[in-house]
Every structure is written in structure tokens, then in C-alpha cells.
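A.B. asks: Quick one: this structure, given as C-alpha cells, is what I'll be asking you about.
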Amino acid sequence: MAGASDPKIVELLEMIGKLTARLEALEAENEALRSENGRLKKRIEELERKSKKYVAPYSCEQPKAEPKPPGRHAGQGPFVSKQRPSREQVTRIVDVKLQNRCPCGGELQPFKTDFAFITALPAAPPQVTAYHLEVGRCDVCGRAVRATHPAVAADQRGASAHRLSPEVYCLAHSLHYDLGIPVRKVPEVLRLTTGLSVS
């Protein structure tokens with residue numbers, strides 16, 4: 001049996017020591033890489049979640065303990081529909097009479113008048129046309145039927161009785177899309193150039 005001082009055994013022992021040290025170093029490096037890989041995977045998941053949800057600018061991403069409900073609250077800001085034009089603002093009146101008969105065939109008896117308004121350009125001040133739409137009640141079925149006019153939409157009544165003409169919409173779109181005026185500034189430009197008040 002060879003002695004411990006045999007050069008081959010010494011060489012083998014040194015090689016084993018080097019390989020053991022190398023193995024330990026590789027295991028430590030492997031562990032570090034696994035930890036880094038796990039951290040990066042978590043970061044990727046976090047970024048993917050962020051890209052799918054809308055976060056307000058400068059958000060700390062910490063939810064509030066008692067968040068307020070969205071939207072305006074009672075007493076904050078005006079809660080009104082578009083104001084109907086005053087008599088002084090109306091520049092033209094179109095009286096629209098009922099047809100003689102109800103769609104069911106019965107006769108119509110006028111009992112009230114609906115009002116619809118269209119504010120149009122290019123006159124300054126804006127031209128406001130008031131349509132006085134006769135409303136009648138059928139003697140047979142009791143249905144209320146309103147007179148029709150090509151310029152007045154069928155659902156143009158109540159809170160939506162006052163609408164803007166297509167020319168106003170075209171001008172507003174042109175100011176924004178053709179001239180590049182921000183949407184928030186378009187109402188002010190319309191007010192300054194035409195006297196038209198648009199929200």
C-alpha cells in the first residue's frame with residue numbers, strides 16, 4: 001500500500017480539494033442566480049399588472065383605508081341640463097302642426113305644445129330656432145302624438161330639447177382635429193368667435 005506522501009495521492013487530494021472548492025463556489029453562484037431569477041420574475045409580474053390597470057399620475061400604489069366614492073358628491077358642482085334659450089335669444093319660430101290622424105286611425109285633439117330649440121351658426125349672435133310642436137291626444141286610443149319636423153329629432157324633448165345644429169358640431173370638430181386646438185379650449189374659441197356657449 002502506497003504511503004500518504006505518494007506524489008499521485010497528494011496530487012489527487014489537491015485535485016479533489018480544488019474540485020470541492022469549485023463545486024461550493026458554483027453552488028453558491030447557482031443559489032444567487034436562483035434568487036435573482038425569482039426577484040426578476042416578481043418584478044415582471046408587477047410590471048405586467050401595472051400595464052393592465054390605470055394608475056393615476058404620482059400614485060403611490062398604496063390603497064387608501066377609506067377611499068371616497070368616484071364622481072361628484074351632493075352639493076359639488078352644477079347638476080343642471082342645458083338651459084333653454086330665453087325669448088330674446090330666439091331669432092326664428094317655426095310652428096309645426098299635427099297631422100290630422102293618429103297612426104291608429106283616430107282623430108287627434110291638440111292639448112299642448114312641446115318646445116324644441118336648435119342653435120345654429122354662422123350668425124352672430126347665434127341663430128336660435130324654436131320649434132313649437134303641437135301635441136294631440138287621440139279620441140280613440142288616448143295616445144299623445146307630437147307633430148314632426150325634419151330638423152327636430154324624435155327624441156328631442158325634455159332635458160334634451162335644446163340641441164346644437166350639425167354646423168356647430170362640424171366647426172368644433174374642425175377646430176380640434178384640423179387646427180389642433182385642445183378639446184378643453186374649443187368651447188372658449190366658439191364663445192369668443194361666435195358668442196355660442198358650449199359646455
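Chain labels A, B, ... are given in the sequence in which chains occur in the C-alpha cells; within each chain residues are numbered consecutively from 1, and ligands are likewise numbered from 1 in the order shown.
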Just want the 9 Å neighbourhood of A:Thr148, counted on only C-alpha atoms, with same-chain residues fewer than 3 positions away dropped. Output as a PDB file with N, CA, C and O atoms, in the first residue's frame.

C.D. replies:
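The result, stored in selection-v3.pdb:
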ATOM      1  N   VAL A  96     -95.129  73.909 -35.903  1.00  0.00           N
ATOM      2  CA  VAL A  96     -95.297  72.617 -36.574  1.00  0.00           C
ATOM      3  C   VAL A  96     -96.645  72.054 -36.165  1.00  0.00           C
ATOM      4  O   VAL A  96     -96.882  71.776 -34.985  1.00  0.00           O
ATOM      5  N   LYS A  97     -97.527  71.905 -37.149  1.00  0.00           N
ATOM      6  CA  LYS A  97     -98.887  71.423 -36.880  1.00  0.00           C
ATOM      7  C   LYS A  97     -98.930  69.891 -36.908  1.00  0.00           C
ATOM      8  O   LYS A  97     -98.137  69.240 -37.581  1.00  0.00           O
ATOM      9  N   LEU A  98     -99.902  69.364 -36.175  1.00  0.00           N
ATOM     10  CA  LEU A  98    -100.116  67.919 -36.148  1.00  0.00           C
ATOM     11  C   LEU A  98    -100.715  67.439 -37.461  1.00  0.00           C
ATOM     12  O   LEU A  98    -101.370  68.202 -38.183  1.00  0.00           O
ATOM     13  N   GLN A  99    -100.495  66.151 -37.736  1.00  0.00           N
ATOM     14  CA  GLN A  99    -101.228  65.527 -38.820  1.00  0.00           C
ATOM     15  C   GLN A  99    -102.676  65.355 -38.351  1.00  0.00           C
ATOM     16  O   GLN A  99    -102.976  65.415 -37.165  1.00  0.00           O
ATOM     17  N   LEU A 133     -93.995  72.462 -31.324  1.00  0.00           N
ATOM     18  CA  LEU A 133     -94.535  71.215 -31.855  1.00  0.00           C
ATOM     19  C   LEU A 133     -95.876  70.913 -31.190  1.00  0.00           C
ATOM     20  O   LEU A 133     -95.944  70.680 -29.990  1.00  0.00           O
ATOM     21  N   GLU A 134     -96.906  70.933 -31.973  1.00  0.00           N
ATOM     22  CA  GLU A 134     -98.232  70.642 -31.447  1.00  0.00           C
ATOM     23  C   GLU A 134     -98.311  69.193 -30.993  1.00  0.00           C
ATOM     24  O   GLU A 134     -97.775  68.291 -31.644  1.00  0.00           O
ATOM     25  N   ALA A 151     -86.126  68.797 -39.060  1.00  0.00           N
ATOM     26  CA  ALA A 151     -84.970  69.305 -38.321  1.00  0.00           C
ATOM     27  C   ALA A 151     -84.968  68.887 -36.854  1.00  0.00           C
ATOM     28  O   ALA A 151     -83.965  69.036 -36.163  1.00  0.00           O
ATOM     29  N   VAL A 152     -86.100  68.374 -36.359  1.00  0.00           N
ATOM     30  CA  VAL A 152     -86.226  68.021 -34.943  1.00  0.00           C
ATOM     31  C   VAL A 152     -86.217  66.504 -34.808  1.00  0.00           C
ATOM     32  O   VAL A 152     -87.022  65.819 -35.441  1.00  0.00           O
ATOM     33  N   ALA A 153     -85.302  65.985 -33.968  1.00  0.00           N
ATOM     34  CA  ALA A 153     -85.224  64.542 -33.748  1.00  0.00           C
ATOM     35  C   ALA A 153     -86.438  64.062 -32.955  1.00  0.00           C
ATOM     36  O   ALA A 153     -87.026  64.819 -32.180  1.00  0.00           O
ATOM     37  N   ALA A 154     -86.780  62.793 -33.152  1.00  0.00           N
ATOM     38  CA  ALA A 154     -87.961  62.246 -32.484  1.00  0.00           C
ATOM     39  C   ALA A 154     -87.808  62.253 -30.970  1.00  0.00           C
ATOM     40  O   ALA A 154     -88.779  62.417 -30.238  1.00  0.00           O
TER      41      ALA A 154
END

A.B. asks: For A:Gly106, work out the shell of residues within 12 Å, counting only C-alpha atoms and skipping chain neighbours fewer than 5 positions away, then give it as a ChimeraX atom specification.

C.D. replies: /A:99-101,136-145

A.B. asks: May I have the residues from that selection written out with all heavy atoms, as an mmCIF file, in the first residue's frame?

C.D. replies:
data_model
loop_
_atom_site.group_PDB
_atom_site.id
_atom_site.type_symbol
_atom_site.label_atom_id
_atom_site.label_comp_id
_atom_site.auth_asym_id
_atom_site.auth_seq_id
_atom_site.Cartn_x
_atom_site.Cartn_y
_atom_site.Cartn_z
ATOM 1 N N GLN A 99 -100.495 66.151 -37.736
ATOM 2 C CA GLN A 99 -101.228 65.527 -38.820
ATOM 3 C C GLN A 99 -102.676 65.355 -38.351
ATOM 4 O O GLN A 99 -102.976 65.415 -37.165
ATOM 5 C CB GLN A 99 -100.625 64.163 -39.146
ATOM 6 C CG GLN A 99 -99.178 64.235 -39.597
ATOM 7 C CD GLN A 99 -98.560 62.859 -39.714
ATOM 8 O OE1 GLN A 99 -99.165 61.860 -39.348
ATOM 9 N NE2 GLN A 99 -97.353 62.836 -40.234
ATOM 10 N N ASN A 100 -103.560 65.125 -39.278
ATOM 11 C CA ASN A 100 -104.974 65.011 -38.936
ATOM 12 C C ASN A 100 -105.307 63.736 -38.176
ATOM 13 O O ASN A 100 -106.264 63.694 -37.419
ATOM 14 C CB ASN A 100 -105.846 65.088 -40.204
ATOM 15 C CG ASN A 100 -105.794 66.476 -40.817
ATOM 16 O OD1 ASN A 100 -105.558 67.454 -40.109
ATOM 17 N ND2 ASN A 100 -105.997 66.565 -42.111
ATOM 18 N N ARG A 101 -104.514 62.694 -38.372
ATOM 19 C CA ARG A 101 -104.892 61.408 -37.805
ATOM 20 C C ARG A 101 -103.744 60.778 -37.016
ATOM 21 O O ARG A 101 -102.570 60.983 -37.295
ATOM 22 C CB ARG A 101 -105.316 60.441 -38.912
ATOM 23 C CG ARG A 101 -106.505 60.896 -39.698
ATOM 24 C CD ARG A 101 -107.583 59.808 -39.739
ATOM 25 N NE ARG A 101 -108.845 60.362 -40.230
ATOM 26 C CZ ARG A 101 -109.947 60.325 -39.561
ATOM 27 N NH1 ARG A 101 -109.986 59.815 -38.356
ATOM 28 N NH2 ARG A 101 -111.054 60.811 -40.063
ATOM 29 N N GLY A 136 -101.134 66.285 -29.759
ATOM 30 C CA GLY A 136 -102.561 65.994 -29.688
ATOM 31 C C GLY A 136 -102.828 64.650 -29.041
ATOM 32 O O GLY A 136 -101.946 63.800 -28.977
ATOM 33 N N ARG A 137 -104.049 64.497 -28.542
ATOM 34 C CA ARG A 137 -104.448 63.221 -27.950
ATOM 35 C C ARG A 137 -105.513 62.579 -28.825
ATOM 36 O O ARG A 137 -106.457 63.218 -29.275
ATOM 37 C CB ARG A 137 -104.973 63.429 -26.533
ATOM 38 C CG ARG A 137 -105.159 62.113 -25.775
ATOM 39 C CD ARG A 137 -105.504 62.332 -24.319
ATOM 40 N NE ARG A 137 -104.555 63.132 -23.583
ATOM 41 C CZ ARG A 137 -103.373 62.693 -23.141
ATOM 42 N NH1 ARG A 137 -102.989 61.470 -23.415
ATOM 43 N NH2 ARG A 137 -102.587 63.491 -22.452
ATOM 44 N N CYS A 138 -105.341 61.302 -29.064
ATOM 45 C CA CYS A 138 -106.249 60.555 -29.933
ATOM 46 C C CYS A 138 -107.578 60.305 -29.211
ATOM 47 O O CYS A 138 -107.594 59.919 -28.039
ATOM 48 C CB CYS A 138 -105.591 59.241 -30.338
ATOM 49 S SG CYS A 138 -106.657 58.169 -31.307
ATOM 50 N N ASP A 139 -108.690 60.530 -29.945
ATOM 51 C CA ASP A 139 -110.026 60.276 -29.381
ATOM 52 C C ASP A 139 -110.286 58.789 -29.176
ATOM 53 O O ASP A 139 -111.067 58.401 -28.306
ATOM 54 C CB ASP A 139 -111.116 60.837 -30.321
ATOM 55 C CG ASP A 139 -111.150 62.357 -30.263
ATOM 56 O OD1 ASP A 139 -110.670 62.919 -29.263
ATOM 57 O OD2 ASP A 139 -111.649 62.971 -31.225
ATOM 58 N N VAL A 140 -109.615 57.956 -29.979
ATOM 59 C CA VAL A 140 -109.891 56.517 -29.945
ATOM 60 C C VAL A 140 -109.047 55.807 -28.898
ATOM 61 O O VAL A 140 -109.557 55.159 -27.980
ATOM 62 C CB VAL A 140 -109.659 55.887 -31.340
ATOM 63 C CG1 VAL A 140 -109.877 54.377 -31.293
ATOM 64 C CG2 VAL A 140 -110.574 56.531 -32.369
ATOM 65 N N CYS A 141 -107.702 55.928 -29.034
ATOM 66 C CA CYS A 141 -106.812 55.159 -28.140
ATOM 67 C C CYS A 141 -106.254 55.990 -26.990
ATOM 68 O O CYS A 141 -105.627 55.455 -26.076
ATOM 69 C CB CYS A 141 -105.663 54.540 -28.929
ATOM 70 S SG CYS A 141 -104.531 55.755 -29.637
ATOM 71 N N GLY A 142 -106.424 57.302 -27.033
ATOM 72 C CA GLY A 142 -105.931 58.153 -25.942
ATOM 73 C C GLY A 142 -104.441 58.429 -26.006
ATOM 74 O O GLY A 142 -103.883 59.043 -25.101
ATOM 75 N N ARG A 143 -103.767 57.997 -27.078
ATOM 76 C CA ARG A 143 -102.329 58.192 -27.205
ATOM 77 C C ARG A 143 -101.999 59.652 -27.512
ATOM 78 O O ARG A 143 -102.706 60.306 -28.282
ATOM 79 C CB ARG A 143 -101.793 57.305 -28.326
ATOM 80 C CG ARG A 143 -100.273 57.413 -28.513
ATOM 81 C CD ARG A 143 -99.811 56.755 -29.793
ATOM 82 N NE ARG A 143 -100.237 55.371 -29.883
ATOM 83 C CZ ARG A 143 -100.033 54.602 -30.952
ATOM 84 N NH1 ARG A 143 -99.433 55.104 -32.022
ATOM 85 N NH2 ARG A 143 -100.438 53.352 -30.964
ATOM 86 N N ALA A 144 -100.909 60.171 -26.881
ATOM 87 C CA ALA A 144 -100.444 61.529 -27.179
ATOM 88 C C ALA A 144 -99.492 61.449 -28.358
ATOM 89 O O ALA A 144 -98.532 60.676 -28.344
ATOM 90 C CB ALA A 144 -99.747 62.142 -25.976
ATOM 91 N N VAL A 145 -99.745 62.223 -29.406
ATOM 92 C CA VAL A 145 -98.920 62.217 -30.613
ATOM 93 C C VAL A 145 -98.415 63.629 -30.842
ATOM 94 O O VAL A 145 -99.175 64.593 -30.788
ATOM 95 C CB VAL A 145 -99.710 61.723 -31.843
ATOM 96 C CG1 VAL A 145 -98.843 61.767 -33.090
ATOM 97 C CG2 VAL A 145 -100.249 60.325 -31.603
#

A.B. asks: My list of candidates is A:Glu107, A:Tyr177, A:Lys82, A:Ala147. Which is closest to A:Arg163 when distances are computed with only C-alpha atoms?

C.D. replies: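 Between A:Glu107, A:Tyr177, A:Lys82, A:Ala147, the residue approaching A:Arg163 most closely is A:Lys82.
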
A.B. asks: One decimal, in Å: what's the spacing between atom CA of A:Pro103 and atom CA of A:Ser160?

C.D. replies: 24.8 Å

A.B. asks: Using only C-alpha atoms, which residues sit within 10 Å of A:Gln89 once same-chain residues fewer than 4 positions away are excluded, as JSON, numbers by chain?

C.D. replies: {"A": [84, 85, 119, 125, 126, 127, 128, 129, 130]}

A.B. asks: Taking N, CA, C and O atoms for each residue, export the selection above as a PDB file, in the first residue's frame.

C.D. replies:
ATOM      1  N   ARG A  84     -82.589  76.182 -21.523  1.00  0.00           N
ATOM      2  CA  ARG A  84     -83.325  76.536 -22.736  1.00  0.00           C
ATOM      3  C   ARG A  84     -83.116  78.015 -23.027  1.00  0.00           C
ATOM      4  O   ARG A  84     -82.951  78.827 -22.101  1.00  0.00           O
ATOM      5  N   PRO A  85     -83.106  78.411 -24.287  1.00  0.00           N
ATOM      6  CA  PRO A  85     -82.875  79.813 -24.641  1.00  0.00           C
ATOM      7  C   PRO A  85     -84.005  80.701 -24.130  1.00  0.00           C
ATOM      8  O   PRO A  85     -85.150  80.276 -24.014  1.00  0.00           O
ATOM      9  N   THR A 119     -79.732  75.658 -31.940  1.00  0.00           N
ATOM     10  CA  THR A 119     -78.861  76.826 -32.049  1.00  0.00           C
ATOM     11  C   THR A 119     -77.878  76.568 -33.189  1.00  0.00           C
ATOM     12  O   THR A 119     -77.204  75.550 -33.202  1.00  0.00           O
ATOM     13  N   PRO A 125     -75.180  87.397 -33.036  1.00  0.00           N
ATOM     14  CA  PRO A 125     -75.257  86.243 -32.138  1.00  0.00           C
ATOM     15  C   PRO A 125     -75.850  85.022 -32.836  1.00  0.00           C
ATOM     16  O   PRO A 125     -76.490  85.155 -33.868  1.00  0.00           O
ATOM     17  N   PRO A 126     -75.629  83.823 -32.249  1.00  0.00           N
ATOM     18  CA  PRO A 126     -76.099  82.595 -32.890  1.00  0.00           C
ATOM     19  C   PRO A 126     -77.601  82.624 -33.145  1.00  0.00           C
ATOM     20  O   PRO A 126     -78.366  83.209 -32.390  1.00  0.00           O
ATOM     21  N   GLN A 127     -77.993  81.984 -34.247  1.00  0.00           N
ATOM     22  CA  GLN A 127     -79.413  81.880 -34.572  1.00  0.00           C
ATOM     23  C   GLN A 127     -80.014  80.742 -33.762  1.00  0.00           C
ATOM     24  O   GLN A 127     -79.518  79.622 -33.801  1.00  0.00           O
ATOM     25  N   VAL A 128     -81.068  81.036 -33.024  1.00  0.00           N
ATOM     26  CA  VAL A 128     -81.769  80.018 -32.249  1.00  0.00           C
ATOM     27  C   VAL A 128     -83.168  79.885 -32.823  1.00  0.00           C
ATOM     28  O   VAL A 128     -83.927  80.854 -32.854  1.00  0.00           O
ATOM     29  N   THR A 129     -83.490  78.702 -33.306  1.00  0.00           N
ATOM     30  CA  THR A 129     -84.810  78.442 -33.867  1.00  0.00           C
ATOM     31  C   THR A 129     -85.630  77.649 -32.861  1.00  0.00           C
ATOM     32  O   THR A 129     -85.202  76.588 -32.408  1.00  0.00           O
ATOM     33  N   ALA A 130     -86.774  78.171 -32.502  1.00  0.00           N
ATOM     34  CA  ALA A 130     -87.681  77.474 -31.581  1.00  0.00           C
ATOM     35  C   ALA A 130     -88.753  76.777 -32.411  1.00  0.00           C
ATOM     36  O   ALA A 130     -89.436  77.410 -33.221  1.00  0.00           O
TER      37      ALA A 130
END

A.B. asks: Where in stretch 31-147 of chain A does DSSP assign alpha helix (DSSP H), given as a PyMOL selection string?

C.D. replies: chain A and resi 31-52

A.B. asks: Could you please determine the separation between atom CA of A:Glu48 and atom CA of A:Leu33 in Å, to one decimal place?

C.D. replies: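 Between atom CA of A:Glu48 and atom CA of A:Leu33 the gap works out to 22.3 Å.
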
A.B. asks: Identify, with DSSP run on backbone atoms, the residues in stretch 45-193 of chain A assigned to strand (DSSP E or B), and express the list as a PyMOL selection string.

C.D. replies: chain A and resi 90-96+101+107-120+127-138+144-146+162-164

A.B. asks: Can you pull out every residue within 7 Å of A:Ser165, counting only C-alpha atoms, but drop anything in the same chain fewer than 2 positions away, and send it as a list in words?

C.D. replies: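 That gives Ile118, Thr119, Ala120, Arg163, Glu167, Val168 and Tyr169 of chain A.
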
A.B. asks: Write a file of the just-selected residues containing C-alpha atoms, as a PDB file, in the first residue's frame.

C.D. replies:
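Writing done, so here's again_18.pdb:
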ATOM      1  CA  ILE A 118     -81.707  74.347 -32.342  1.00  0.00           C
ATOM      2  CA  THR A 119     -78.861  76.826 -32.049  1.00  0.00           C
ATOM      3  CA  ALA A 120     -77.014  77.249 -35.342  1.00  0.00           C
ATOM      4  CA  ARG A 163     -79.526  70.903 -29.186  1.00  0.00           C
ATOM      5  CA  GLU A 167     -72.730  73.047 -38.370  1.00  0.00           C
ATOM      6  CA  VAL A 168     -71.736  73.706 -34.748  1.00  0.00           C
ATOM      7  CA  TYR A 169     -70.509  70.120 -34.342  1.00  0.00           C
TER       8      TYR A 169
END
